[in-house]
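Enquirer: After the structure tokens below, expect a handful of questions from me.
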Amino acid sequence: MADKKQQEKLEKLDKMEKEKADKKKPRMEEDKNEILVRILGYDIPGSRNIHTGLTRIKGVSWAISNAICIRLNMPKSKKIEALTKDEIAKIEAFLKNPQLPAFFFNRRNDRETGETRHNLGSDLDIAKEFDIKRLKEIRSYKGIRHGAKLPVRGQRTRSHFRTKSKPMGVKRKKA
């Protein structure tokens with residue numbers, strides 16, 4: 001009897017292992033054949049919804065992604081791979097010149113031009129870099145903190161922001 005029970009247990013374990021192996025195989029095949037859709041220079045996986053996929057573009061937040069879906073009358077649950085070339089062109093045109101209220105934009109009343117606009121991709125990186133350089137040049141508190149690679153917005157430094165290269169915070173007493 002003990003042998004029969006052990007055999008049944010072994011058979012059940014074998015079945016479970018086979019089922020697990022069968023579940024894993026299709027996922028690996030899907031990953032290899034993933035469709036990528038290119039929007040404004042960013043590759044977006046085709047298996048994602050429009051609402052979540054558009055947030056992969058640098059400078060597109062959840063709120064802007066939601067606004068795109070509403071303004072262009074696209075269902076949020078529609079997959080990226082199901083978009084036609086015309087729909088992708090509409091999305092790109094909308095992102096280049098968004099017709100949204102000013103509070104959605106990431107560059108309101110720009111210091112250099114005075115206009116309100118929305119930067120995407122490398123333009124956003126460059127603008128942020130110039131802002132930090134300006135703060136460092138005028139030696140503001142935030143600029144000094146950026147230069148020292150310390151937290152800028154008031155976070156504590158005693159227990160965080162430590163790296164191997166620059167010890168700070170608590171020092172041990174010498175014996």
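Within each chain, counting starts at residue 1; across the structure tokens, chains are named A, B, ... in the order shown, with ligands numbered 1 upward in that order.
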Check the DSSP output for the backbone and give back, as number ranges by chain, the residues of region 2-89 of chain A in helix (DSSP H, G or I).
Expert: A: 2-32, 50-56, 62-71, 80-82, 85-89
Enquirer: Write out as an mmCIF file with C-alpha atoms, in the first residue's frame each polymer residue whose atoms come within 12 Å of Asn49 (chain A), counting only C-alpha atoms; drop sequence neighbours fewer than 3 positions from it.
Expert:
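Everything below was put into part22.cif:
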data_model
loop_
_atom_site.group_PDB
_atom_site.id
_atom_site.type_symbol
_atom_site.label_atom_id
_atom_site.label_comp_id
_atom_site.auth_asym_id
_atom_site.auth_seq_id
_atom_site.Cartn_x
_atom_site.Cartn_y
_atom_site.Cartn_z
ATOM 1 C CA VAL A 37 5.907 50.195 -32.158
ATOM 2 C CA ILE A 44 6.881 50.704 -27.064
ATOM 3 C CA PRO A 45 5.959 47.024 -26.589
ATOM 4 C CA GLY A 46 2.890 46.146 -28.639
ATOM 5 C CA THR A 52 0.280 52.597 -20.190
ATOM 6 C CA GLY A 53 2.409 52.389 -23.328
ATOM 7 C CA LEU A 54 2.516 56.126 -23.981
ATOM 8 C CA THR A 55 4.045 56.713 -20.551
ATOM 9 C CA ARG A 56 7.216 54.988 -21.839
ATOM 10 C CA SER A 65 -1.484 59.864 -21.707
ATOM 11 C CA ASN A 66 -5.053 59.960 -20.411
ATOM 12 C CA CYS A 69 -6.765 58.958 -25.228
ATOM 13 C CA MET A 74 -9.082 56.145 -28.487
ATOM 14 C CA PRO A 75 -10.030 53.502 -25.937
ATOM 15 C CA LYS A 76 -7.407 53.232 -23.180
ATOM 16 C CA SER A 77 -7.522 49.441 -23.276
ATOM 17 C CA LYS A 78 -6.628 49.238 -26.983
ATOM 18 C CA LYS A 79 -3.261 47.559 -27.569
ATOM 19 C CA ILE A 80 -0.368 49.494 -29.087
ATOM 20 C CA GLU A 81 0.110 46.824 -31.762
ATOM 21 C CA ALA A 82 -3.478 47.408 -32.946
ATOM 22 C CA LEU A 83 -2.776 51.060 -33.827
#
Enquirer: Leaving out Glu92 (chain A) and any residue of its chain fewer than 6 positions from it, which residues lie within 10 Å of it when counting only C-alpha atoms, given as a list in words?
Expert: Ile39, Leu40, Asp86 and Pro98 of chain A
Enquirer: Could you tell me how far CA of Asn119 (chain A) lies from CA of Ile132 (chain A), in Å and to one decimal?
Expert: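 These atoms are spaced 16.3 Å apart.
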Enquirer: Write out as a PyMOL selection string the set of residues from chain A that DSSP, computed on the backbone, places in strand (DSSP E).
Expert: chain A and resi 36-39+42-45
Enquirer: Residues as selected, C-alpha atoms, written as a compact mmCIF listing (two decimals), in the first residue's frame, can you do that?
Expert:
# COMPACT_ATOMS: atom_id res chain seq x y z
CA LEU A 36 7.59 47.02 -30.97
CA VAL A 37 5.91 50.20 -32.16
CA ARG A 38 8.06 53.31 -32.55
CA ILE A 39 6.49 56.58 -31.44
CA TYR A 42 10.78 55.39 -28.38
CA ASP A 43 10.11 51.67 -28.79
CA ILE A 44 6.88 50.70 -27.06
CA PRO A 45 5.96 47.02 -26.59
Enquirer: Give the answer as one residue: which of A:Ile35, A:Ile64, A:Ala127, A:Leu72 has the shortest atom-to-atom distance to Lys90 (chain A), using only C-alpha atoms?
Expert: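 Under the stated criterion, the closest residue is A:Leu72.
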Enquirer: Please indicate the distance in Å from CA of Gly154 (chain A) to CA of Asn106 (chain A), rounded to one decimal place.
Expert: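 Interatomic distance here is 22.4 Å.
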Enquirer: Name all residues at most 10 Å from Gly143 (chain A) (count only C-alpha atoms; drop same-chain ones fewer than 4 positions away) and give them as a list in words.
Expert: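 Answer for this query is Asp131, Ile132, Lys133, Arg134, Leu135, Lys136, Glu137, Ile138, Arg139, Gly147, Ala148, Lys149 and Val152 of chain A.
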Enquirer: Provide the CA of Ile70 (chain A) to CA of His51 (chain A) distance in Å, to one decimal place.
Expert: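 CA of Ile70 (chain A) sits 10.2 Å away from CA of His51 (chain A).
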